[in-house]
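S.K.: To be precise about what I am sending: the file is called work.pdb and holds PDB, C-alpha atoms.
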```pdb
MODEL        1
ATOM      1  CA  MET A 208      78.623 102.257  64.096
ATOM      2  CA  GLU A 209      77.099 101.084  67.342
ATOM      3  CA  THR A 210      78.342 102.645  70.575
ATOM      4  CA  MET A 211      80.707 100.694  72.828
ATOM      5  CA  GLY A 212      79.247 102.363  75.875
ATOM      6  CA  ARG A 213      77.306 105.243  77.369
ATOM      7  CA  HIS A 214      78.945 107.635  79.820
ATOM      8  CA  VAL A 215      76.775 109.846  82.035
ATOM      9  CA  ILE A 216      78.485 112.659  83.939
ATOM     10  CA  SER A 217      76.439 114.575  86.514
ATOM     11  CA  GLU A 218      77.032 117.682  88.603
ATOM     12  CA  LEU A 219      74.839 117.461  91.701
ATOM     13  CA  TRP A 220      74.203 120.597  93.765
ATOM     14  CA  GLY A 221      72.172 121.238  96.905
ATOM     15  CA  CYS A 222      72.770 117.710  98.177
ATOM     16  CA  ASN A 223      72.229 116.631 101.763
ATOM     17  CA  PHE A 224      75.431 117.445 103.735
ATOM     18  CA  ASP A 225      75.169 114.454 106.055
ATOM     19  CA  LYS A 226      74.690 111.999 103.194
ATOM     20  CA  LEU A 227      77.607 113.479 101.235
ATOM     21  CA  ASN A 228      79.820 113.074 104.283
ATOM     22  CA  ASP A 229      78.784 109.521 105.202
ATOM     23  CA  MET A 230      80.899 106.897 103.458
ATOM     24  CA  GLU A 231      78.557 104.045 104.363
ATOM     25  CA  VAL A 232      75.513 105.875 102.973
ATOM     26  CA  ILE A 233      77.322 106.725  99.743
ATOM     27  CA  GLU A 234      78.677 103.195  99.334
ATOM     28  CA  ARG A 235      75.226 101.647  99.868
ATOM     29  CA  THR A 236      73.682 104.197  97.477
ATOM     30  CA  PHE A 237      76.173 103.354  94.735
ATOM     31  CA  VAL A 238      75.852  99.603  95.189
ATOM     32  CA  ASP A 239      72.057  99.908  95.095
ATOM     33  CA  ALA A 240      72.259 102.146  91.994
ATOM     34  CA  ALA A 241      74.420  99.593  90.192
ATOM     35  CA  LEU A 242      72.048  96.765  91.072
ATOM     36  CA  LYS A 243      68.958  98.755  90.058
ATOM     37  CA  SER A 244      70.496  99.346  86.629
ATOM     38  CA  GLY A 245      71.046  95.608  86.225
ATOM     39  CA  ALA A 246      74.839  95.753  86.544
ATOM     40  CA  GLU A 247      77.052  92.983  87.877
ATOM     41  CA  ILE A 248      79.254  94.305  90.704
ATOM     42  CA  ARG A 249      82.911  93.239  90.732
ATOM     43  CA  GLU A 250      84.608  95.496  93.328
ATOM     44  CA  VAL A 251      83.724  98.341  95.681
ATOM     45  CA  ALA A 252      86.209 100.877  97.094
ATOM     46  CA  PHE A 253      85.390 104.076  98.998
ATOM     47  CA  HIS A 254      87.484 106.491 101.065
ATOM     48  CA  LYS A 255      86.424 109.056 103.702
ATOM     49  CA  PHE A 256      88.507 112.230 103.826
ATOM     50  CA  ALA A 257      89.169 114.444 106.858
ATOM     51  CA  PRO A 258      87.579 116.736 107.719
ATOM     52  CA  GLN A 259      84.917 115.838 105.148
ATOM     53  CA  GLY A 260      84.173 114.308 101.778
ATOM     54  CA  VAL A 261      84.051 110.874 100.198
ATOM     55  CA  SER A 262      85.456 109.444  96.972
ATOM     56  CA  GLY A 263      84.689 106.026  95.651
ATOM     57  CA  VAL A 264      84.133 103.611  92.846
ATOM     58  CA  VAL A 265      81.944 100.624  92.134
ATOM     59  CA  ILE A 266      83.551  98.508  89.440
ATOM     60  CA  ILE A 267      80.940  96.654  87.423
ATOM     61  CA  SER A 268      81.370  94.098  84.661
ATOM     62  CA  GLU A 269      79.911  96.740  82.345
ATOM     63  CA  SER A 270      82.388  99.495  83.541
ATOM     64  CA  HIS A 271      82.036 101.751  86.628
ATOM     65  CA  LEU A 272      80.235 104.260  88.869
ATOM     66  CA  THR A 273      82.273 106.960  90.690
ATOM     67  CA  ILE A 274      81.787 109.884  93.071
ATOM     68  CA  HIS A 275      83.748 112.735  94.593
ATOM     69  CA  SER A 276      81.732 114.577  97.263
ATOM     70  CA  PHE A 277      82.251 118.050  98.680
ATOM     71  CA  PRO A 278      79.765 118.267 101.578
ATOM     72  CA  GLU A 279      80.823 121.797 102.501
ATOM     73  CA  HIS A 280      79.487 122.918  99.098
ATOM     74  CA  GLY A 281      76.526 120.525  98.935
ATOM     75  CA  TYR A 282      78.138 119.222  95.755
ATOM     76  CA  ALA A 283      78.974 115.838  94.262
ATOM     77  CA  SER A 284      80.451 114.927  90.905
ATOM     78  CA  ILE A 285      79.389 111.504  89.712
ATOM     79  CA  ASP A 286      79.838 109.461  86.612
ATOM     80  CA  VAL A 287      78.275 106.242  85.436
ATOM     81  CA  TYR A 288      79.772 104.428  82.459
ATOM     82  CA  THR A 289      78.092 101.316  81.093
ATOM     83  CA  CYS A 290      78.700  99.048  78.144
ATOM     84  CA  GLY A 291      76.115  96.771  76.608
ATOM     85  CA  ASP A 292      72.395  97.231  77.059
ATOM     86  CA  LEU A 293      72.422  98.928  80.483
ATOM     87  CA  ASP A 294      71.049 102.462  80.769
ATOM     88  CA  PRO A 295      73.461 104.543  82.911
ATOM     89  CA  ASN A 296      70.720 107.101  83.563
ATOM     90  CA  ILE A 297      68.920 104.622  85.808
ATOM     91  CA  ALA A 298      71.876 104.585  88.229
ATOM     92  CA  ALA A 299      72.662 108.313  87.850
ATOM     93  CA  ASN A 300      69.064 109.340  88.597
ATOM     94  CA  TYR A 301      68.874 106.966  91.554
ATOM     95  CA  ILE A 302      72.058 108.487  93.029
ATOM     96  CA  ALA A 303      70.865 112.075  92.509
ATOM     97  CA  ASP A 304      67.560 111.305  94.203
ATOM     98  CA  ALA A 305      69.230 109.445  97.090
ATOM     99  CA  LEU A 306      71.616 112.354  97.760
ATOM    100  CA  GLU A 307      68.637 114.744  97.624
ATOM    101  CA  ALA A 308      70.182 116.889  94.877
ATOM    102  CA  GLU A 309      68.225 120.102  94.366
ATOM    103  CA  THR A 310      69.920 120.830  91.047
ATOM    104  CA  ARG A 311      71.635 118.537  88.568
ATOM    105  CA  GLU A 312      73.414 119.006  85.294
ATOM    106  CA  THR A 313      73.914 115.861  83.266
ATOM    107  CA  ILE A 314      75.595 115.071  80.004
ATOM    108  CA  GLU A 315      75.700 111.745  78.224
ATOM    109  CA  MET A 316      78.475 110.786  75.853
ATOM    110  CA  PRO A 317      78.430 107.751  73.588
ATOM    111  CA  ARG A 318      81.817 106.031  73.868
ATOM    112  CA  GLY A 319      83.837 104.288  71.194
ATOM    113  CA  MET A 320      82.244 106.034  68.227
ATOM    114  CA  GLY A 321      85.152 108.177  67.052
ATOM    115  CA  PRO A 322      85.185 111.945  67.653
ATOM    116  CA  VAL A 323      83.778 112.949  71.050
ATOM    117  CA  ARG A 324      80.194 114.128  70.985
ATOM    118  CA  SER A 325      78.155 115.013  74.015
ATOM    119  CA  GLN A 326      74.460 115.428  74.415
ATOM    120  CA  ILE A 327      73.170 117.517  77.293
ATOM    121  CA  LYS A 328      70.337 115.579  78.898
ATOM    122  CA  GLN A 329      69.359 118.012  81.650
ATOM    123  CA  THR A 330      70.789 121.368  82.541
ATOM    124  CA  ALA A 331      70.133 123.127  85.788
ATOM    125  CA  SER A 332      67.262 120.788  86.541
ATOM    126  CA  MET A 333      65.625 121.852  89.770
ATOM    127  CA  VAL A 334      64.298 118.839  91.615
TER
ENDMDL
END
```
So, in terms of structure tokens, how does the structure I just supplied come out?

M.R.:
Amino acid sequence: METMGRHVISELWGCNFDKLNDMEVIERTFVDAALKSGAEIREVAFHKFAPQGVSGVVIISESHLTIHSFPEHGYASIDVYTCGDLDPNIAANYIADALEAETRETIEMPRGMGPVRSQIKQTASMV
């Protein structure tokens, strides 16, 4: 059975504090990541928390990209889910590089194939 989608989940550590705390930077990064992967953007929604942190989503025709940032820990959790022929790793890697992540852990799960299986792509990758 062919997969209905690919879901990449990344733990990003050692990220740039200022970037993690800047809603405009994160929004632009996620929009650019979606476009670089070839996705068609439908909606964009981001929220800045006080005193710090950003959460947001870019809805794409092929599914979504999301983030929850914790600048005080230099940490961001991101996920990129795509259906069709798009490679979610293109967007996930772009985001990790843009946020200057020193370490990333990434898993990729095929979606819609029955029992959940995950494949660890990179663990504790020092950039």

S.K.: Which residue gives the smallest distance to Met211 of chain A among A:Ile266, A:Ala308, A:Ile302, A:Cys290, with all atoms listed in the file counted?

M.R.: A:Cys290

S.K.: Taking only C-alpha atoms into account, name the residue in A:Val215, A:Met316, A:Val232, A:Ile267 that is nearest to Ile285 of chain A.

M.R.: A:Val215

S.K.: For the PyMOL selection byres ((chain A and resi 218) around 9), applied here, can you spell out every residue it catches as a list in words?

M.R.: Ile216, Ser217, Leu219, Trp220, Tyr282, Ala283, Ser284, Ile285, Asp286, Thr310, Arg311, Glu312 and Thr313 of chain A

S.K.: Ranking A:Gly212, A:Gly221, A:Gly319, A:Gly291 by minimum distance to Glu247 of chain A and counting all atoms listed in the file, which one comes first?

M.R.: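 The shortest atom-to-atom distance to Glu247 of chain A comes from A:Gly291.
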
S.K.: Around the point (75.2, 107.6, 96.8) in the file's coordinates, collect all residues with an atom within 12 Å, using only C-alpha atoms, and return them as a count of residues only.

M.R.: 47

S.K.: Quick one: residues within 6 Å of Tyr288 of chain A, only C-alpha atoms counted, chain neighbours fewer than 2 positions away excluded, as a list in words?

M.R.: Arg213, His214, Ser270 and His271 of chain A

S.K.: How would segment 267-284 of chain A look with N, CA and C atoms restored, written as a PDB file, keeping the file's coordinate frame?

M.R.:
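To be explicit, this is the file written out as part-v3.pdb:
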```pdb
ATOM      1  N   ILE A 267      81.950  97.595  87.890  1.00  0.00           N
ATOM      2  CA  ILE A 267      80.940  96.654  87.423  1.00  0.00           C
ATOM      3  C   ILE A 267      81.483  95.954  86.169  1.00  0.00           C
ATOM      4  N   SER A 268      80.944  94.810  85.861  1.00  0.00           N
ATOM      5  CA  SER A 268      81.370  94.098  84.661  1.00  0.00           C
ATOM      6  C   SER A 268      81.219  94.989  83.432  1.00  0.00           C
ATOM      7  N   GLU A 269      80.229  95.867  83.468  1.00  0.00           N
ATOM      8  CA  GLU A 269      79.911  96.740  82.345  1.00  0.00           C
ATOM      9  C   GLU A 269      80.691  98.049  82.363  1.00  0.00           C
ATOM     10  N   SER A 270      81.450  98.374  83.420  1.00  0.00           N
ATOM     11  CA  SER A 270      82.388  99.495  83.541  1.00  0.00           C
ATOM     12  C   SER A 270      82.437 100.006  84.975  1.00  0.00           C
ATOM     13  N   HIS A 271      81.852 101.208  85.282  1.00  0.00           N
ATOM     14  CA  HIS A 271      82.036 101.751  86.628  1.00  0.00           C
ATOM     15  C   HIS A 271      81.025 102.849  86.986  1.00  0.00           C
ATOM     16  N   LEU A 272      80.943 103.120  88.311  1.00  0.00           N
ATOM     17  CA  LEU A 272      80.235 104.260  88.869  1.00  0.00           C
ATOM     18  C   LEU A 272      81.209 104.926  89.834  1.00  0.00           C
ATOM     19  N   THR A 273      81.355 106.267  89.780  1.00  0.00           N
ATOM     20  CA  THR A 273      82.273 106.960  90.690  1.00  0.00           C
ATOM     21  C   THR A 273      81.628 108.204  91.287  1.00  0.00           C
ATOM     22  N   ILE A 274      82.229 108.658  92.410  1.00  0.00           N
ATOM     23  CA  ILE A 274      81.787 109.884  93.071  1.00  0.00           C
ATOM     24  C   ILE A 274      82.972 110.573  93.737  1.00  0.00           C
ATOM     25  N   HIS A 275      82.898 111.893  93.760  1.00  0.00           N
ATOM     26  CA  HIS A 275      83.748 112.735  94.593  1.00  0.00           C
ATOM     27  C   HIS A 275      82.779 113.718  95.241  1.00  0.00           C
ATOM     28  N   SER A 276      82.692 113.701  96.579  1.00  0.00           N
ATOM     29  CA  SER A 276      81.732 114.577  97.263  1.00  0.00           C
ATOM     30  C   SER A 276      82.439 115.716  97.985  1.00  0.00           C
ATOM     31  N   PHE A 277      81.776 116.852  98.012  1.00  0.00           N
ATOM     32  CA  PHE A 277      82.251 118.050  98.680  1.00  0.00           C
ATOM     33  C   PHE A 277      81.100 118.559  99.559  1.00  0.00           C
ATOM     34  N   PRO A 278      80.915 117.932 100.738  1.00  0.00           N
ATOM     35  CA  PRO A 278      79.765 118.267 101.578  1.00  0.00           C
ATOM     36  C   PRO A 278      79.668 119.745 101.927  1.00  0.00           C
ATOM     37  N   GLU A 279      80.825 120.384 102.120  1.00  0.00           N
ATOM     38  CA  GLU A 279      80.823 121.797 102.501  1.00  0.00           C
ATOM     39  C   GLU A 279      80.209 122.684 101.423  1.00  0.00           C
ATOM     40  N   HIS A 280      80.102 122.183 100.206  1.00  0.00           N
ATOM     41  CA  HIS A 280      79.487 122.918  99.098  1.00  0.00           C
ATOM     42  C   HIS A 280      78.161 122.298  98.665  1.00  0.00           C
ATOM     43  N   GLY A 281      77.756 121.217  99.331  1.00  0.00           N
ATOM     44  CA  GLY A 281      76.526 120.525  98.935  1.00  0.00           C
ATOM     45  C   GLY A 281      76.631 119.950  97.535  1.00  0.00           C
ATOM     46  N   TYR A 282      77.855 119.599  97.142  1.00  0.00           N
ATOM     47  CA  TYR A 282      78.138 119.222  95.755  1.00  0.00           C
ATOM     48  C   TYR A 282      78.740 117.828  95.654  1.00  0.00           C
ATOM     49  N   ALA A 283      78.350 117.118  94.593  1.00  0.00           N
ATOM     50  CA  ALA A 283      78.974 115.838  94.262  1.00  0.00           C
ATOM     51  C   ALA A 283      79.122 115.750  92.751  1.00  0.00           C
ATOM     52  N   SER A 284      80.276 115.249  92.328  1.00  0.00           N
ATOM     53  CA  SER A 284      80.451 114.927  90.905  1.00  0.00           C
ATOM     54  C   SER A 284      80.381 113.414  90.798  1.00  0.00           C
TER      55      SER A 284
END
```
